[in-house]
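Peer 1: See coords_37.txt below, with compact mmCIF, C-alpha atoms.
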# COMPACT_ATOMS: atom_id res chain seq x y z
CA MET A 6 2.73 -49.60 0.25
CA LEU A 7 4.78 -50.63 -2.80
CA GLU A 8 4.89 -54.28 -1.81
CA MET A 9 1.09 -54.22 -1.34
CA LEU A 10 0.62 -52.85 -4.86
CA GLY A 11 3.01 -55.47 -6.20
CA ALA A 12 1.13 -58.23 -4.42
CA ALA A 13 -2.21 -56.95 -5.72
CA SER A 14 -0.84 -56.83 -9.26
CA CYS A 15 0.42 -60.40 -9.12
CA LEU A 16 -2.78 -61.70 -7.52
CA GLN A 17 -4.84 -59.91 -10.16
CA GLN A 18 -2.82 -61.61 -12.88
CA LEU A 19 -3.21 -65.02 -11.21
CA GLY A 20 -7.02 -64.72 -11.31
CA PRO A 21 -9.46 -67.54 -10.38
CA VAL A 22 -8.01 -70.97 -9.61
CA ARG A 23 -9.02 -74.15 -11.45
CA TRP A 24 -8.07 -77.66 -10.47
CA PHE A 25 -6.48 -80.26 -12.74
CA GLY A 26 -5.67 -83.62 -11.22
CA GLY A 27 -5.28 -82.13 -7.72
CA ILE A 28 -2.89 -79.35 -8.86
CA SER A 29 -4.11 -75.77 -8.92
CA GLY A 30 -3.73 -73.77 -12.09
CA ALA A 31 -4.21 -70.07 -12.74
CA SER A 32 -5.94 -68.11 -15.46
CA PHE A 33 -3.42 -65.40 -16.16
CA GLY A 34 -1.86 -64.58 -19.49
CA GLY A 35 1.70 -64.22 -18.31
CA ARG A 36 4.07 -64.09 -15.41
CA CYS A 37 4.54 -61.04 -13.22
CA SER A 38 6.64 -59.73 -16.09
CA PRO A 39 4.06 -58.66 -18.72
CA SER A 40 6.51 -59.27 -21.56
CA SER A 41 6.49 -63.07 -21.05
CA PRO A 42 3.20 -64.65 -22.21
CA SER A 43 2.36 -68.03 -20.67
CA PRO A 44 0.57 -71.08 -22.10
CA LEU A 45 -1.33 -71.24 -18.79
CA ARG A 46 -4.22 -69.56 -20.58
CA TRP A 47 -5.15 -73.13 -21.54
CA LEU A 48 -6.02 -73.77 -17.91
CA HIS A 49 -8.69 -71.07 -18.14
CA HIS A 50 -9.95 -72.25 -21.53
CA PRO A 51 -9.05 -75.96 -21.76
CA PRO A 52 -9.21 -77.43 -25.26
CA SER A 53 -11.78 -80.01 -24.15
CA ALA A 54 -13.88 -80.94 -21.15
CA SER A 55 -11.76 -84.01 -20.49
CA LEU A 56 -8.51 -83.93 -18.53
CA PRO A 57 -5.41 -83.21 -20.63
CA HIS A 58 -3.06 -85.94 -21.72
CA PRO A 59 -0.81 -86.91 -18.76
CA LEU A 60 2.31 -85.45 -20.40
CA LEU A 61 0.48 -82.24 -21.28
CA GLN A 62 -0.93 -82.06 -17.77
CA LEU A 63 2.57 -82.44 -16.29
CA ARG A 64 3.91 -79.72 -18.57
CA LEU A 65 1.09 -77.35 -17.59
CA GLN A 66 1.81 -77.99 -13.93
CA MET A 67 5.52 -77.22 -14.48
CA TRP A 68 4.63 -73.98 -16.28
CA PHE A 69 2.38 -72.98 -13.41
CA LEU A 70 5.03 -73.64 -10.75
CA ARG A 71 7.64 -71.76 -12.78
CA ASP A 72 5.39 -68.72 -13.18
CA LEU A 73 4.37 -68.81 -9.53
CA LEU A 74 8.04 -68.83 -8.47
CA SER A 75 8.73 -65.87 -10.77
CA CYS A 76 5.84 -63.95 -9.18
CA LEU A 77 7.08 -64.67 -5.65
CA VAL A 78 10.59 -63.52 -6.53
CA THR A 79 9.19 -60.28 -7.95
CA LEU A 80 7.25 -59.63 -4.75
CA GLN A 81 10.39 -60.22 -2.69
CA VAL A 82 12.26 -57.62 -4.76
CA PHE A 83 9.45 -55.15 -4.11
CA GLN A 84 9.73 -55.79 -0.38
CA LEU A 85 13.51 -55.37 -0.29
CA GLY A 86 13.49 -52.08 -2.17
CA SER A 87 10.51 -50.30 -0.70
CA ALA A 88 11.34 -49.73 2.96
CA ASP A 89 9.88 -46.41 4.13
CA PHE A 90 12.07 -44.17 6.26
CA ARG A 91 12.22 -40.77 7.92
CA VAL A 92 15.21 -38.44 7.94
CA VAL A 93 15.97 -37.12 11.42
CA GLY A 94 18.19 -34.17 12.34
CA PRO A 95 19.10 -32.53 15.65
CA ASP A 96 16.34 -30.70 17.50
CA ARG A 97 18.56 -27.73 18.36
CA PRO A 98 21.21 -25.62 16.59
CA LEU A 99 24.85 -26.73 16.47
CA HIS A 100 27.51 -24.32 17.70
CA ALA A 101 31.05 -24.24 16.30
CA THR A 102 33.92 -21.78 15.91
CA VAL A 103 35.59 -20.44 12.79
CA GLY A 104 38.54 -22.65 11.82
CA GLN A 105 37.21 -25.78 13.49
CA ASP A 106 35.93 -28.93 11.83
CA VAL A 107 32.28 -29.77 12.48
CA VAL A 108 30.06 -32.79 11.87
CA LEU A 109 26.46 -32.12 10.88
CA PRO A 110 24.48 -35.07 12.29
CA CYS A 111 21.57 -36.72 10.53
CA HIS A 112 20.20 -40.26 10.42
CA LEU A 113 17.48 -42.49 9.01
CA SER A 114 14.64 -43.87 11.11
CA PRO A 115 14.51 -46.81 11.19
CA ARG A 116 18.29 -47.06 10.93
CA VAL A 117 18.44 -48.97 7.66
CA ASP A 118 21.54 -49.32 5.51
CA ALA A 119 22.15 -46.02 3.68
CA ARG A 120 25.04 -47.07 1.46
CA ARG A 121 22.83 -47.46 -1.63
CA VAL A 122 20.60 -44.41 -1.30
CA GLU A 123 21.18 -40.95 -2.74
CA ILE A 124 22.27 -38.41 -0.12
CA ARG A 125 22.45 -34.70 -0.87
CA TRP A 126 23.34 -31.96 1.62
CA ILE A 127 22.24 -28.51 0.43
CA ARG A 128 22.14 -24.96 1.76
CA GLN A 129 18.62 -24.05 2.84
CA LEU A 130 18.46 -20.55 1.36
CA SER A 131 20.15 -21.11 -1.99
CA SER A 132 19.26 -24.81 -2.50
CA GLU A 133 22.78 -25.33 -3.83
CA THR A 134 24.66 -28.57 -3.26
CA VAL A 135 27.16 -28.78 -0.43
CA HIS A 136 27.85 -32.50 -0.81
CA HIS A 137 26.35 -35.21 -3.03
CA TYR A 138 26.61 -39.00 -2.58
CA GLN A 139 25.11 -41.45 -5.08
CA ASN A 140 25.70 -45.03 -6.23
CA GLY A 141 28.18 -45.55 -3.42
CA GLU A 142 30.41 -42.66 -4.52
CA ASP A 143 30.86 -38.96 -3.79
CA GLN A 144 29.75 -36.74 -6.69
CA TYR A 145 31.38 -33.32 -7.08
CA VAL A 146 29.93 -31.99 -10.33
CA GLU A 147 27.22 -29.90 -8.63
CA GLN A 148 29.13 -28.99 -5.47
CA MET A 149 29.36 -25.31 -4.50
CA LYS A 150 32.85 -23.93 -5.10
CA GLU A 151 32.95 -22.62 -1.52
CA TYR A 152 32.93 -26.21 -0.24
CA ALA A 153 35.35 -27.81 -2.71
CA GLY A 154 37.81 -29.99 -0.80
CA ARG A 155 36.16 -29.14 2.54
CA THR A 156 33.38 -31.73 2.91
CA GLU A 157 33.18 -35.47 3.40
CA LEU A 158 30.42 -37.92 4.20
CA VAL A 159 31.26 -39.94 7.30
CA ARG A 160 31.25 -43.38 5.67
CA ASP A 161 31.65 -45.40 8.88
CA GLY A 162 28.05 -44.78 9.88
CA LEU A 163 26.29 -45.33 6.54
CA SER A 164 25.53 -49.02 7.12
CA GLY A 165 23.78 -48.03 10.36
CA GLY A 166 21.68 -45.31 8.74
CA ARG A 167 23.87 -42.32 9.69
CA LEU A 168 24.19 -39.54 7.10
CA ASP A 169 26.65 -37.27 8.93
CA LEU A 170 28.52 -34.62 6.95
CA ARG A 171 31.90 -33.25 8.05
CA ILE A 172 32.85 -29.70 7.09
CA ILE A 173 36.56 -28.93 7.41
CA GLY A 174 37.92 -25.53 8.43
CA LEU A 175 34.75 -23.59 9.17
CA ARG A 176 34.35 -20.17 7.59
CA PRO A 177 32.00 -17.36 8.59
CA SER A 178 30.01 -18.00 5.41
CA ASP A 179 29.24 -21.57 6.60
CA ASP A 180 26.81 -20.18 9.19
CA GLY A 181 23.17 -21.03 8.49
CA GLU A 182 20.77 -23.89 7.80
CA TYR A 183 21.59 -27.06 5.89
CA VAL A 184 19.15 -29.62 4.52
CA CYS A 185 19.98 -33.33 4.50
CA THR A 186 17.95 -35.02 1.75
CA VAL A 187 17.73 -38.76 1.11
CA LYS A 188 16.13 -40.50 -1.85
CA ASP A 189 15.80 -44.05 -3.10
CA ALA A 190 13.50 -45.72 -5.62
CA ALA A 191 10.54 -45.74 -3.23
CA SER A 192 11.00 -42.99 -0.64
CA TYR A 193 12.20 -39.45 -0.05
CA GLY A 194 12.91 -37.56 3.15
CA GLU A 195 14.74 -34.51 4.45
CA ALA A 196 15.75 -32.82 7.67
CA ILE A 197 17.16 -29.38 8.54
CA VAL A 198 20.37 -28.86 10.51
CA ASP A 199 21.02 -25.36 11.87
CA LEU A 200 24.71 -24.44 12.20
CA GLU A 201 25.70 -21.34 14.16
CA VAL A 202 29.31 -20.35 13.56
CA THR A 203 30.77 -18.15 16.29
CA GLY A 204 33.76 -15.87 15.97
CA LEU A 205 32.22 -14.18 12.93
CA ILE A 206 34.29 -11.40 11.43
Translate this file's structure into structure tokens.
Peer 2:
Amino acid sequence: MLEMLGAASCLQQLGPVRWFGGISGASFGGRCSPSSPSPLRWLHHPPSASLPHPLLQLRLQMWFLRDLLSCLVTLQVFQLGSADFRVVGPDRPLHATVGQDVVLPCHLSPRVDARRVEIRWIRQLSSETVHHYQNGEDQYVEQMKEYAGRTELVRDGLSGGRLDLRIIGLRPSDDGEYVCTVKDAASYGEAIVDLEVTGLI
């Protein structure tokens, strides 16, 4: 959706096409970046009915090609950063015993690279943070004290879209539902993982 909006924006700026000496020009007032005005407005309102001077015509053609290249690069950036995804968790509860380590599974669909997205595991009832990963690093400022030093994101699977969280040394209080949330500049998704801890005291 984002790349479609970007394409529409650029095409709207390009406007109707005029022809000068076999080279197409465009009647927009700037490149895809609105802060960079372009002399190509002359192509929409030429100073006279006759063709421009050959040197001026060549310069206008160069400006047009430069602005067109800038627009195409902008559209490519939109496409690279706007992949939609779903967050998928297990379809049944996980069972583990007090004292064990457990991995809460979760992944992106399609399995795109997750190393540059924001990943936050939270407790369902309290909405407090169990583990937070952002900008390629673990963030501990908002982590619940009960999980300090006991969680880690399984980094090996991030490039393949896996978002697995390992909890070390399960406690009775770890029983319950967890929410795996993922966010980037264009998309957001979440999935619930139900952990049932046996051997409760």
Peer 1: Considering only C-alpha atoms, return as a PyMOL selection string whatever protein or nucleic-acid residues lie within 9 Å of Met149 of chain A, sequence-local ones (same chain, fewer than 6 positions apart) excluded.
Peer 2: chain A and resi 133-136
Peer 1: Using only C-alpha atoms, find each residue in segment 83-153 of chain A having at least one atom no more than 8 Å away from segment 158-180 of chain A; report its shortest atom-to-atom pair and that distance in Å (one decimal), rows by chain then rising number, as CSV.
Peer 2:
residue,atom,partner,partner_atom,distance
A:Thr102,CA,A:Leu175,CA,7.0
A:Val103,CA,A:Leu175,CA,4.9
A:Gly104,CA,A:Gly174,CA,4.5
A:Gln105,CA,A:Gly174,CA,5.1
A:Asp106,CA,A:Ile173,CA,4.5
A:Val107,CA,A:Ile172,CA,5.4
A:Val108,CA,A:Arg171,CA,4.3
A:Leu109,CA,A:Leu170,CA,5.1
A:Pro110,CA,A:Asp169,CA,4.6
A:Cys111,CA,A:Leu168,CA,5.2
A:His112,CA,A:Arg167,CA,4.3
A:Leu113,CA,A:Gly166,CA,5.1
A:Ser114,CA,A:Gly166,CA,7.6
A:Pro115,CA,A:Gly166,CA,7.7
A:Arg116,CA,A:Gly166,CA,4.4
A:Val117,CA,A:Gly166,CA,5.0
A:Asp118,CA,A:Ser164,CA,4.3
A:Ala119,CA,A:Leu163,CA,5.1
A:Arg120,CA,A:Leu163,CA,5.5
A:Ile124,CA,A:Leu168,CA,7.6
A:Trp126,CA,A:Leu170,CA,7.9
A:His136,CA,A:Leu158,CA,7.8
A:Tyr138,CA,A:Leu158,CA,7.9
Peer 1: In Å, how far is it from atom CA of Pro98 of chain A to atom CA of Thr186 of chain A?
Peer 2: 17.9 Å
Peer 1: Can you tell me how far atom CA of Leu99 of chain A sits from atom CA of Leu200 of chain A, in Å to one decimal?
Peer 2: 4.8 Å
Peer 1: Between atom CA of Gln129 of chain A and atom CA of Tyr193 of chain A, what is the distance, to one decimal in Å?
Peer 2: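 Distance reported for this atom pair: 16.9 Å.
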Peer 1: Please provide as a PyMOL selection string all residues within 8 Å of Glu123 of chain A, with the sequence filter that same-chain residues fewer than 3 positions apart are discarded (counting all atoms listed in the file).
Peer 2: chain A and resi 137-140+187-189
Peer 1: Point out the residue among A:Arg64, A:Arg71, A:His100, A:Arg91 with the least atom-to-atom distance to Gly204 of chain A, counting all atoms listed in the file.
Peer 2: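 Selected residue with least distance to Gly204 of chain A: A:His100.
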